[in-house]
$ cat protein00.pdb   # PDB, C-alpha atoms, pLDDT in the B column
ATOM      1  CA  MET A   1     198.669   2.021-189.872  1.00 49.00           C
ATOM      2  CA  LEU A   2     200.227   5.085-191.503  1.00 47.00           C
ATOM      3  CA  GLN A   3     203.116   5.053-189.014  1.00 50.00           C
ATOM      4  CA  LYS A   4     203.954   1.523-190.143  1.00 54.00           C
ATOM      5  CA  GLY A   5     203.999   2.624-193.755  1.00 51.00           C
ATOM      6  CA  ILE A   6     200.798   0.777-194.613  1.00 62.00           C
ATOM      7  CA  LEU A   7     198.480   2.804-196.821  1.00 74.00           C
ATOM      8  CA  PRO A   8     194.763   2.420-196.119  1.00 83.00           C
ATOM      9  CA  THR A   9     192.697   0.791-198.854  1.00 90.00           C
ATOM     10  CA  THR A  10     189.286   1.799-200.167  1.00 93.00           C
ATOM     11  CA  VAL A  11     187.773  -0.796-197.837  1.00 94.00           C
ATOM     12  CA  THR A  12     189.498   0.863-194.872  1.00 93.00           C
ATOM     13  CA  PHE A  13     188.252   4.303-195.878  1.00 94.00           C
ATOM     14  CA  ASN A  14     184.726   2.947-196.393  1.00 94.00           C
ATOM     15  CA  THR A  15     184.705   1.515-192.889  1.00 95.00           C
ATOM     16  CA  LEU A  16     185.892   4.789-191.368  1.00 95.00           C
ATOM     17  CA  ILE A  17     183.475   6.915-193.400  1.00 95.00           C
ATOM     18  CA  HIS A  18     180.598   4.672-192.350  1.00 96.00           C
ATOM     19  CA  MET A  19     181.618   4.820-188.693  1.00 96.00           C
ATOM     20  CA  PHE A  20     182.115   8.593-188.544  1.00 95.00           C
ATOM     21  CA  GLY A  21     179.094   9.323-190.720  1.00 94.00           C
ATOM     22  CA  ASN A  22     176.655   7.278-188.673  1.00 91.00           C
ATOM     23  CA  ASN A  23     177.810   9.136-185.583  1.00 92.00           C
ATOM     24  CA  GLY A  24     177.221  12.526-187.188  1.00 91.00           C
ATOM     25  CA  LEU A  25     180.913  13.428-187.523  1.00 94.00           C
ATOM     26  CA  LEU A  26     180.518  14.883-190.997  1.00 94.00           C
ATOM     27  CA  ASP A  27     183.680  17.013-190.835  1.00 95.00           C
ATOM     28  CA  GLU A  28     185.638  13.801-190.319  1.00 95.00           C
ATOM     29  CA  VAL A  29     183.857  12.291-193.308  1.00 94.00           C
ATOM     30  CA  ALA A  30     184.875  15.253-195.480  1.00 95.00           C
ATOM     31  CA  SER A  31     188.443  14.965-194.204  1.00 95.00           C
ATOM     32  CA  LEU A  32     188.539  11.267-195.090  1.00 94.00           C
ATOM     33  CA  MET A  33     187.333  12.017-198.616  1.00 94.00           C
ATOM     34  CA  GLN A  34     190.147  14.558-199.008  1.00 94.00           C
ATOM     35  CA  ARG A  35     192.617  12.009-197.673  1.00 92.00           C
ATOM     36  CA  MET A  36     191.393   9.432-200.191  1.00 93.00           C
ATOM     37  CA  GLU A  37     192.035  11.887-202.999  1.00 91.00           C
ATOM     38  CA  LYS A  38     195.488  12.752-201.626  1.00 91.00           C
ATOM     39  CA  ASP A  39     196.416   9.062-201.351  1.00 89.00           C
ATOM     40  CA  LYS A  40     195.049   8.440-204.863  1.00 89.00           C
ATOM     41  CA  CYS A  41     192.682   5.885-203.378  1.00 91.00           C
ATOM     42  CA  SER A  42     189.641   5.883-205.634  1.00 92.00           C
ATOM     43  CA  PRO A  43     186.176   5.682-204.066  1.00 95.00           C
ATOM     44  CA  ASP A  44     184.103   2.713-205.195  1.00 95.00           C
ATOM     45  CA  THR A  45     180.344   2.254-205.450  1.00 96.00           C
ATOM     46  CA  ARG A  46     180.120   1.328-201.775  1.00 97.00           C
ATOM     47  CA  THR A  47     181.922   4.557-200.815  1.00 97.00           C
ATOM     48  CA  TYR A  48     179.330   6.626-202.639  1.00 97.00           C
ATOM     49  CA  ASN A  49     176.447   4.543-201.270  1.00 97.00           C
ATOM     50  CA  ILE A  50     177.678   5.193-197.744  1.00 97.00           C
ATOM     51  CA  LEU A  51     177.971   8.919-198.483  1.00 97.00           C
ATOM     52  CA  ILE A  52     174.457   9.049-199.947  1.00 97.00           C
ATOM     53  CA  SER A  53     173.048   7.260-196.914  1.00 96.00           C
ATOM     54  CA  VAL A  54     174.983   9.327-194.375  1.00 96.00           C
ATOM     55  CA  HIS A  55     174.052  12.721-195.808  1.00 96.00           C
ATOM     56  CA  ALA A  56     170.417  11.728-196.365  1.00 96.00           C
ATOM     57  CA  LYS A  57     170.274  10.529-192.756  1.00 95.00           C
ATOM     58  CA  HIS A  58     171.597  13.883-191.561  1.00 95.00           C
ATOM     59  CA  ASN A  59     169.150  15.792-193.774  1.00 94.00           C
ATOM     60  CA  ASP A  60     171.596  17.142-196.355  1.00 95.00           C
ATOM     61  CA  ILE A  61     169.586  15.726-199.224  1.00 96.00           C
ATOM     62  CA  ASP A  62     171.211  17.990-201.835  1.00 96.00           C
ATOM     63  CA  LEU A  63     174.677  16.668-201.026  1.00 96.00           C
ATOM     64  CA  ALA A  64     173.354  13.109-200.971  1.00 97.00           C
ATOM     65  CA  ALA A  65     171.964  13.619-204.486  1.00 96.00           C
ATOM     66  CA  ARG A  66     175.229  15.188-205.676  1.00 97.00           C
ATOM     67  CA  TYR A  67     177.107  12.057-204.648  1.00 96.00           C
ATOM     68  CA  LEU A  68     174.949  10.007-207.016  1.00 96.00           C
ATOM     69  CA  THR A  69     175.971  12.397-209.795  1.00 96.00           C
ATOM     70  CA  LYS A  70     179.630  12.199-208.734  1.00 96.00           C
ATOM     71  CA  MET A  71     179.427   8.424-208.829  1.00 96.00           C
ATOM     72  CA  LYS A  72     178.328   8.528-212.465  1.00 95.00           C
ATOM     73  CA  GLU A  73     180.993  11.125-213.298  1.00 95.00           C
ATOM     74  CA  ALA A  74     183.583   8.740-211.858  1.00 94.00           C
ATOM     75  CA  SER A  75     182.368   6.106-214.362  1.00 94.00           C
ATOM     76  CA  LEU A  76     180.955   3.988-211.565  1.00 95.00           C
ATOM     77  CA  GLU A  77     177.632   2.234-212.028  1.00 92.00           C
ATOM     78  CA  PRO A  78     175.075   3.079-209.321  1.00 95.00           C
ATOM     79  CA  ASP A  79     173.503  -0.102-207.991  1.00 94.00           C
ATOM     80  CA  ALA A  80     170.089  -0.855-206.501  1.00 91.00           C
ATOM     81  CA  VAL A  81     171.237   0.370-203.084  1.00 94.00           C
ATOM     82  CA  SER A  82     172.280   3.733-204.538  1.00 95.00           C
ATOM     83  CA  TYR A  83     168.889   4.357-206.101  1.00 94.00           C
ATOM     84  CA  ARG A  84     166.728   2.901-203.340  1.00 92.00           C
ATOM     85  CA  THR A  85     168.462   4.876-200.604  1.00 94.00           C
ATOM     86  CA  LEU A  86     168.005   8.156-202.442  1.00 95.00           C
ATOM     87  CA  LEU A  87     164.491   7.291-203.624  1.00 93.00           C
ATOM     88  CA  TYR A  88     163.390   6.634-200.055  1.00 92.00           C
ATOM     89  CA  ALA A  89     164.984   9.913-198.940  1.00 94.00           C
ATOM     90  CA  PHE A  90     163.185  11.873-201.691  1.00 95.00           C
ATOM     91  CA  SER A  91     159.861  10.145-200.975  1.00 91.00           C
ATOM     92  CA  ILE A  92     159.688  10.887-197.266  1.00 91.00           C
ATOM     93  CA  ARG A  93     160.505  14.533-198.029  1.00 94.00           C
ATOM     94  CA  HIS A  94     157.743  14.724-200.676  1.00 93.00           C
ATOM     95  CA  MET A  95     160.279  15.604-203.388  1.00 96.00           C
ATOM     96  CA  VAL A  96     158.024  14.345-206.166  1.00 95.00           C
ATOM     97  CA  ALA A  97     159.957  15.533-209.233  1.00 95.00           C
ATOM     98  CA  GLU A  98     163.257  14.193-207.915  1.00 96.00           C
ATOM     99  CA  ALA A  99     161.690  10.857-206.954  1.00 94.00           C
ATOM    100  CA  GLU A 100     160.059  10.448-210.370  1.00 92.00           C
ATOM    101  CA  LYS A 101     163.338  11.178-212.134  1.00 94.00           C
ATOM    102  CA  LEU A 102     165.008   8.412-210.131  1.00 94.00           C
ATOM    103  CA  ILE A 103     162.159   6.009-210.900  1.00 90.00           C
ATOM    104  CA  SER A 104     162.661   6.667-214.623  1.00 91.00           C
ATOM    105  CA  GLU A 105     166.382   5.962-214.316  1.00 93.00           C
ATOM    106  CA  MET A 106     165.689   2.762-212.403  1.00 91.00           C
ATOM    107  CA  ALA A 107     163.230   1.630-215.075  1.00 87.00           C
ATOM    108  CA  GLU A 108     165.786   2.308-217.804  1.00 91.00           C
ATOM    109  CA  ARG A 109     168.293   0.133-215.931  1.00 90.00           C
ATOM    110  CA  GLY A 110     165.776  -2.643-215.268  1.00 89.00           C
ATOM    111  CA  MET A 111     165.864  -2.187-211.485  1.00 88.00           C
ATOM    112  CA  GLU A 112     162.947  -3.141-209.261  1.00 81.00           C
ATOM    113  CA  ILE A 113     161.498  -0.862-206.609  1.00 79.00           C
ATOM    114  CA  ASP A 114     161.405  -2.704-203.288  1.00 77.00           C
ATOM    115  CA  GLU A 115     158.421  -2.815-200.931  1.00 73.00           C
ATOM    116  CA  PHE A 116     159.746  -0.096-198.627  1.00 73.00           C
ATOM    117  CA  ALA A 117     160.194   2.344-201.496  1.00 77.00           C
ATOM    118  CA  GLN A 118     156.771   1.314-202.866  1.00 78.00           C
ATOM    119  CA  SER A 119     155.079   2.230-199.617  1.00 75.00           C
ATOM    120  CA  SER A 120     157.066   5.472-199.367  1.00 79.00           C
ATOM    121  CA  LEU A 121     156.102   6.486-202.900  1.00 83.00           C
ATOM    122  CA  THR A 122     152.424   5.839-202.266  1.00 79.00           C
ATOM    123  CA  ARG A 123     152.549   7.932-199.091  1.00 79.00           C
ATOM    124  CA  MET A 124     154.494  10.660-200.893  1.00 87.00           C
ATOM    125  CA  TYR A 125     151.777  11.056-203.518  1.00 87.00           C
ATOM    126  CA  ILE A 126     148.971  10.925-200.949  1.00 79.00           C
ATOM    127  CA  GLU A 127     150.579  13.464-198.626  1.00 81.00           C
ATOM    128  CA  SER A 128     151.293  15.689-201.631  1.00 85.00           C
ATOM    129  CA  GLY A 129     147.587  15.641-202.512  1.00 80.00           C
ATOM    130  CA  MET A 130     148.140  13.533-205.648  1.00 85.00           C
ATOM    131  CA  LEU A 131     145.618  10.812-204.784  1.00 74.00           C
ATOM    132  CA  GLU A 132     144.890   9.547-208.294  1.00 77.00           C
ATOM    133  CA  LYS A 133     148.581   9.222-209.030  1.00 81.00           C
ATOM    134  CA  SER A 134     149.120   7.380-205.757  1.00 76.00           C
ATOM    135  CA  TRP A 135     146.435   4.867-206.733  1.00 73.00           C
ATOM    136  CA  SER A 136     147.866   4.301-210.216  1.00 77.00           C
ATOM    137  CA  TRP A 137     151.324   3.725-208.743  1.00 75.00           C
ATOM    138  CA  PHE A 138     149.947   1.311-206.191  1.00 71.00           C
ATOM    139  CA  GLN A 139     148.175  -0.645-208.931  1.00 72.00           C
ATOM    140  CA  ARG A 140     151.445  -0.880-210.832  1.00 74.00           C
ATOM    141  CA  PHE A 141     153.226  -2.381-207.815  1.00 72.00           C
ATOM    142  CA  HIS A 142     150.232  -4.531-206.902  1.00 66.00           C
ATOM    143  CA  LEU A 143     150.013  -6.131-210.343  1.00 65.00           C
ATOM    144  CA  GLY A 144     153.639  -7.168-210.033  1.00 65.00           C
ATOM    145  CA  GLY A 145     152.517  -9.547-207.285  1.00 62.00           C
ATOM    146  CA  ASN A 146     155.614  -9.096-205.132  1.00 61.00           C
ATOM    147  CA  MET A 147     154.216  -7.082-202.230  1.00 65.00           C
ATOM    148  CA  THR A 148     154.247  -8.329-198.636  1.00 66.00           C
ATOM    149  CA  SER A 149     151.329  -8.186-196.197  1.00 69.00           C
ATOM    150  CA  GLU A 150     153.179  -5.432-194.302  1.00 66.00           C
ATOM    151  CA  CYS A 151     153.337  -3.343-197.462  1.00 68.00           C
ATOM    152  CA  TYR A 152     149.625  -3.856-198.136  1.00 72.00           C
ATOM    153  CA  SER A 153     148.845  -2.806-194.563  1.00 73.00           C
ATOM    154  CA  ALA A 154     151.000   0.303-194.892  1.00 70.00           C
ATOM    155  CA  ASN A 155     149.249   1.281-198.114  1.00 72.00           C
ATOM    156  CA  THR A 156     145.821   0.548-196.646  1.00 78.00           C
ATOM    157  CA  ASP A 157     146.653   2.936-193.827  1.00 75.00           C
ATOM    158  CA  ALA A 158     147.969   5.517-196.287  1.00 72.00           C
ATOM    159  CA  PHE A 159     144.829   5.502-198.446  1.00 73.00           C
ATOM    160  CA  GLY A 160     142.469   5.459-195.496  1.00 77.00           C
ATOM    161  CA  GLU A 161     143.948   7.551-192.706  1.00 71.00           C
ATOM    162  CA  ARG A 162     145.851   9.988-194.871  1.00 66.00           C
ATOM    163  CA  GLY A 163     143.952  10.042-198.155  1.00 61.00           C
ATOM    164  CA  LYS A 164     140.419   9.370-196.869  1.00 75.00           C
ATOM    165  CA  LYS A 165     140.015   6.964-199.799  1.00 78.00           C
ATOM    166  CA  PHE A 166     138.225   4.293-197.785  1.00 88.00           C
ATOM    167  CA  GLN A 167     136.817   2.330-200.733  1.00 86.00           C
ATOM    168  CA  GLN A 168     140.276   2.025-202.236  1.00 80.00           C
ATOM    169  CA  ALA A 169     141.714   1.067-198.846  1.00 83.00           C
ATOM    170  CA  CYS A 170     139.188  -1.779-198.587  1.00 89.00           C
ATOM    171  CA  CYS A 171     139.767  -2.802-202.189  1.00 84.00           C
ATOM    172  CA  LEU A 172     143.502  -3.249-201.800  1.00 78.00           C
ATOM    173  CA  PHE A 173     143.048  -4.983-198.421  1.00 85.00           C
ATOM    174  CA  ASP A 174     140.690  -7.479-200.083  1.00 86.00           C
ATOM    175  CA  SER A 175     143.163  -8.093-202.900  1.00 79.00           C
ATOM    176  CA  MET A 176     145.805  -9.485-200.537  1.00 80.00           C
ATOM    177  CA  GLU A 177     144.295 -12.977-200.570  1.00 76.00           C
ATOM    178  CA  GLU A 178     144.307 -12.984-204.377  1.00 74.00           C
ATOM    179  CA  HIS A 179     148.083 -12.851-204.125  1.00 71.00           C
ATOM    180  CA  GLY A 180     148.381 -15.556-201.493  1.00 73.00           C
ATOM    181  CA  LEU A 181     148.850 -13.176-198.571  1.00 76.00           C
ATOM    182  CA  ILE A 182     147.005 -13.351-195.263  1.00 81.00           C
ATOM    183  CA  PRO A 183     146.214 -10.090-193.455  1.00 84.00           C
ATOM    184  CA  ASP A 184     147.637  -9.979-189.940  1.00 86.00           C
ATOM    185  CA  ARG A 185     146.035  -8.730-186.713  1.00 89.00           C
ATOM    186  CA  CYS A 186     147.621  -5.306-187.072  1.00 86.00           C
ATOM    187  CA  GLY A 187     146.229  -4.899-190.591  1.00 86.00           C
ATOM    188  CA  TYR A 188     142.707  -5.886-189.544  1.00 92.00           C
ATOM    189  CA  ASN A 189     142.766  -3.691-186.442  1.00 91.00           C
ATOM    190  CA  SER A 190     143.941  -0.704-188.445  1.00 89.00           C
ATOM    191  CA  LEU A 191     141.236  -1.117-191.094  1.00 93.00           C
ATOM    192  CA  VAL A 192     138.410  -1.777-188.612  1.00 95.00           C
ATOM    193  CA  GLN A 193     139.242   1.239-186.460  1.00 92.00           C
ATOM    194  CA  MET A 194     139.789   3.431-189.508  1.00 92.00           C
ATOM    195  CA  LEU A 195     136.338   2.601-190.909  1.00 95.00           C
ATOM    196  CA  ALA A 196     134.626   2.886-187.524  1.00 95.00           C
ATOM    197  CA  THR A 197     135.988   6.376-186.890  1.00 92.00           C
ATOM    198  CA  ALA A 198     135.109   7.427-190.456  1.00 92.00           C
ATOM    199  CA  ASP A 199     131.388   6.883-189.750  1.00 94.00           C
ATOM    200  CA  LEU A 200     131.404   3.595-191.671  1.00 95.00           C
ATOM    201  CA  PRO A 201     130.587   1.163-188.841  1.00 96.00           C
ATOM    202  CA  GLN A 202     128.704  -1.286-191.079  1.00 97.00           C
ATOM    203  CA  LYS A 203     131.748  -1.671-193.301  1.00 96.00           C
ATOM    204  CA  ALA A 204     133.898  -1.979-190.192  1.00 96.00           C
ATOM    205  CA  THR A 205     131.585  -4.732-188.897  1.00 97.00           C
ATOM    206  CA  PHE A 206     132.152  -6.746-192.077  1.00 97.00           C
ATOM    207  CA  TYR A 207     135.929  -6.773-191.526  1.00 96.00           C
ATOM    208  CA  LEU A 208     135.548  -7.273-187.775  1.00 97.00           C
ATOM    209  CA  ARG A 209     133.589 -10.475-188.420  1.00 97.00           C
ATOM    210  CA  LYS A 210     136.185 -11.671-190.909  1.00 95.00           C
ATOM    211  CA  MET A 211     138.830 -10.944-188.295  1.00 95.00           C
ATOM    212  CA  GLN A 212     136.832 -12.972-185.765  1.00 95.00           C
ATOM    213  CA  GLU A 213     136.445 -15.876-188.217  1.00 95.00           C
ATOM    214  CA  VAL A 214     140.196 -16.242-188.673  1.00 93.00           C
ATOM    215  CA  GLY A 215     140.844 -16.062-184.934  1.00 94.00           C
ATOM    216  CA  LEU A 216     142.638 -12.722-184.824  1.00 94.00           C
ATOM    217  CA  VAL A 217     140.407 -10.978-182.274  1.00 94.00           C
ATOM    218  CA  ILE A 218     142.155 -11.316-178.907  1.00 93.00           C
ATOM    219  CA  ASP A 219     140.544  -8.442-176.999  1.00 93.00           C
ATOM    220  CA  CYS A 220     137.576  -6.099-177.107  1.00 93.00           C
ATOM    221  CA  VAL A 221     139.400  -3.178-178.747  1.00 94.00           C
ATOM    222  CA  PRO A 222     138.128  -3.652-182.344  1.00 95.00           C
ATOM    223  CA  TYR A 223     134.602  -4.405-181.097  1.00 96.00           C
ATOM    224  CA  CYS A 224     134.588  -1.305-178.901  1.00 95.00           C
ATOM    225  CA  ALA A 225     135.719   0.837-181.833  1.00 95.00           C
ATOM    226  CA  VAL A 226     132.817  -0.336-184.005  1.00 97.00           C
ATOM    227  CA  ILE A 227     130.249  -0.193-181.184  1.00 96.00           C
ATOM    228  CA  SER A 228     131.341   3.401-180.526  1.00 95.00           C
ATOM    229  CA  GLY A 229     130.986   4.104-184.248  1.00 95.00           C
ATOM    230  CA  TYR A 230     127.350   2.961-184.206  1.00 96.00           C
ATOM    231  CA  ALA A 231     126.663   4.903-181.002  1.00 95.00           C
ATOM    232  CA  LYS A 232     128.130   8.056-182.529  1.00 94.00           C
ATOM    233  CA  LEU A 233     125.605   7.799-185.377  1.00 95.00           C
ATOM    234  CA  GLY A 234     122.738   7.104-182.978  1.00 96.00           C
ATOM    235  CA  GLN A 235     122.345   3.517-184.216  1.00 96.00           C
ATOM    236  CA  MET A 236     121.918   2.070-180.740  1.00 95.00           C
ATOM    237  CA  ASP A 237     120.221  -1.162-181.836  1.00 96.00           C
ATOM    238  CA  MET A 238     123.268  -2.011-183.955  1.00 96.00           C
ATOM    239  CA  ALA A 239     125.598  -1.063-181.104  1.00 95.00           C
ATOM    240  CA  VAL A 240     123.738  -3.278-178.616  1.00 95.00           C
ATOM    241  CA  GLY A 241     123.572  -6.145-181.100  1.00 96.00           C
ATOM    242  CA  LEU A 242     127.316  -6.040-181.698  1.00 96.00           C
ATOM    243  CA  TYR A 243     127.945  -5.820-177.950  1.00 94.00           C
ATOM    244  CA  LYS A 244     125.928  -9.030-177.442  1.00 94.00           C
ATOM    245  CA  GLU A 245     127.836 -10.642-180.310  1.00 95.00           C
ATOM    246  CA  MET A 246     131.115  -9.768-178.607  1.00 95.00           C
ATOM    247  CA  ILE A 247     129.951 -11.294-175.307  1.00 94.00           C
ATOM    248  CA  GLY A 248     128.792 -14.382-177.213  1.00 94.00           C
ATOM    249  CA  HIS A 249     132.354 -14.887-178.450  1.00 94.00           C
ATOM    250  CA  GLY A 250     133.584 -14.840-174.859  1.00 93.00           C
ATOM    251  CA  ILE A 251     135.274 -11.464-175.198  1.00 92.00           C
ATOM    252  CA  LYS A 252     135.036  -9.361-172.067  1.00 87.00           C
ATOM    253  CA  PRO A 253     134.495  -5.598-172.404  1.00 84.00           C
ATOM    254  CA  MET A 254     136.810  -3.107-170.770  1.00 73.00           C
ATOM    255  CA  SER A 255     135.511  -1.748-167.453  1.00 56.00           C
ATOM    256  CA  LEU A 256     135.761   1.810-168.833  1.00 46.00           C
ATOM    257  CA  PHE A 257     133.601   0.815-171.805  1.00 50.00           C
ATOM    258  CA  MET A 258     130.999  -0.776-169.507  1.00 47.00           C
ATOM    259  CA  VAL A 259     130.796   2.388-167.396  1.00 40.00           C
ATOM    260  CA  SER A 260     130.449   4.640-170.440  1.00 46.00           C
TER     261      SER A 260
END
$ encode --input "protein00.pdb" --output "structure tokens"
Amino acid sequence: MLQKGILPTTVTFNTLIHMFGNNGLLDEVASLMQRMEKDKCSPDTRTYNILISVHAKHNDIDLAARYLTKMKEASLEPDAVSYRTLLYAFSIRHMVAEAEKLISEMAERGMEIDEFAQSSLTRMYIESGMLEKSWSWFQRFHLGGNMTSECYSANTDAFGERGKKFQQACCLFDSMEEHGLIPDRCGYNSLVQMLATADLPQKATFYLRKMQEVGLVIDCVPYCAVISGYAKLGQMDMAVGLYKEMIGHGIKPMSLFMVS
């Protein structure tokens, strides 16, 4: 292209930066940025978004954040992609202060936080030991009514497995139907097994039966988890009763479970 006297455009540079960056060739990315400056080819919002994504992907979060600042200094308006990419990167690294600063900026600009960032934020607070804050943030997203069943399931798992907040996990799982969402098999399985292993087999039985009612039980795995939960607590009558219930539904136990 250069040999023919054709100068590359911003679109050309963006394509090359994206290609080299995704393949970990960060020296080439830096060289392309220098070449853009030399050719007086101004980066656009997409250029900076690519740079933020590339450096976050390769764990240089400080440089990724600096590119958001550089974008503003260049009088370019960061878009939803700019903020969401960096917010996700901060969240999974438990960078609470940085994430909250971005959230404030997004709110000032009237930008919504998507479901992936919502789930990441909730997990960030839980894994940082900030359980009450995680719950208040979840309620904020939940009241907006724009969460998917996958996001509910992810948050249920976060509150239960990671935060040991089983009542809250059940509460938000129950609230899905209020927003016109139907829990899937994965969501039910996760909740049932979580409760069973947390010495809450009676609560697990409640959700197991709901799962059975809607036709989502396809094997003995959730039943075995709850039966084992009762057995662990010495509640053998409950374990035997649930085993008979499973057989009554035509679900065959695993051979390993029968032997044990």
$ resolve_selection --input "protein00.pdb" --expression "the PyMOL selection byres ((chain A and resi 157) around 10)" --output "list of chain:residue names"
A:Arg123, A:Cys151, A:Tyr152, A:Ser153, A:Ala154, A:Asn155, A:Thr156, A:Ala158, A:Phe159, A:Gly160, A:Glu161, A:Arg162, A:Gly163, A:Lys164, A:Lys165, A:Phe166, A:Ala169, A:Phe173, A:Gly187, A:Ser190, A:Leu191, A:Met194
$ resolve_selection --input "protein00.pdb" --expression "the PyMOL selection byres ((chain A and resi 82) around 8)" --output "list in words"
Tyr48, Asn49, Ile52, Leu68, Pro78, Asp79, Ala80, Val81, Tyr83, Arg84, Thr85 and Leu86 of chain A
$ resolve_selection --input "protein00.pdb" --expression "the PyMOL selection byres ((chain A and resi 42) around 12)" --output "list in words"
Pro8, Thr9, Thr10, Val11, Thr12, Phe13, Asn14, Leu32, Met33, Gln34, Arg35, Met36, Glu37, Lys38, Asp39, Lys40, Cys41, Pro43, Asp44, Thr45, Arg46, Thr47, Tyr48, Met71, Ala74, Ser75 and Leu76 of chain A
$ closest_atom_pairs --input "protein00.pdb" --of "region 86-203 of chain A" --to "region 225-248 of chain A" --cutoff "9 Å" --atoms "only C-alpha atoms" --output "Markdown table"
| residue | atom | partner | partner_atom | distance |
| --- | --- | --- | --- | --- |
| A:Val192 | CA | A:Val226 | CA | 7.4 |
| A:Gln193 | CA | A:Ala225 | CA | 5.8 |
| A:Leu195 | CA | A:Val226 | CA | 8.3 |
| A:Ala196 | CA | A:Gly229 | CA | 5.0 |
| A:Thr197 | CA | A:Gly229 | CA | 6.1 |
| A:Ala198 | CA | A:Gly229 | CA | 8.2 |
| A:Asp199 | CA | A:Gly229 | CA | 6.2 |
| A:Leu200 | CA | A:Gly229 | CA | 7.5 |
| A:Pro201 | CA | A:Gly229 | CA | 5.5 |
| A:Gln202 | CA | A:Tyr230 | CA | 8.2 |
$ residues_near_point --input "protein00.pdb" --point "(146.8, -13.3, -193.1)" --cutoff "12 Å" --atoms "all atoms listed in the file" --output "list in words"
Thr148, Ser149, Glu150, Tyr152, Ser153, Phe173, Asp174, Ser175, Met176, Glu177, Glu178, His179, Gly180, Leu181, Ile182, Pro183, Asp184, Arg185, Cys186, Gly187, Tyr188, Lys210, Met211, Glu213, Val214, Gly215 and Leu216 of chain A
$ residues_around --input "protein00.pdb" --residues "region 91-100 of chain A" --least-positions-apart "3" --cutoff "10 Å" --atoms "all atoms listed in the file" --output "tab-separated table (two decimals) with C-alpha atoms, in the frame of the given file"
chain	number	residue	atom	x	y	z
A	59	ASN	CA	169.15	15.79	-193.77
A	61	ILE	CA	169.59	15.73	-199.22
A	65	ALA	CA	171.96	13.62	-204.49
A	83	TYR	CA	168.89	4.36	-206.10
A	86	LEU	CA	168.00	8.16	-202.44
A	87	LEU	CA	164.49	7.29	-203.62
A	88	TYR	CA	163.39	6.63	-200.06
A	103	ILE	CA	162.16	6.01	-210.90
A	104	SER	CA	162.66	6.67	-214.62
A	105	GLU	CA	166.38	5.96	-214.32
A	106	MET	CA	165.69	2.76	-212.40
A	117	ALA	CA	160.19	2.34	-201.50
A	118	GLN	CA	156.77	1.31	-202.87
A	119	SER	CA	155.08	2.23	-199.62
A	120	SER	CA	157.07	5.47	-199.37
A	121	LEU	CA	156.10	6.49	-202.90
A	122	THR	CA	152.42	5.84	-202.27
A	123	ARG	CA	152.55	7.93	-199.09
A	124	MET	CA	154.49	10.66	-200.89
A	125	TYR	CA	151.78	11.06	-203.52
A	126	ILE	CA	148.97	10.92	-200.95
A	127	GLU	CA	150.58	13.46	-198.63
A	128	SER	CA	151.29	15.69	-201.63
A	130	MET	CA	148.14	13.53	-205.65
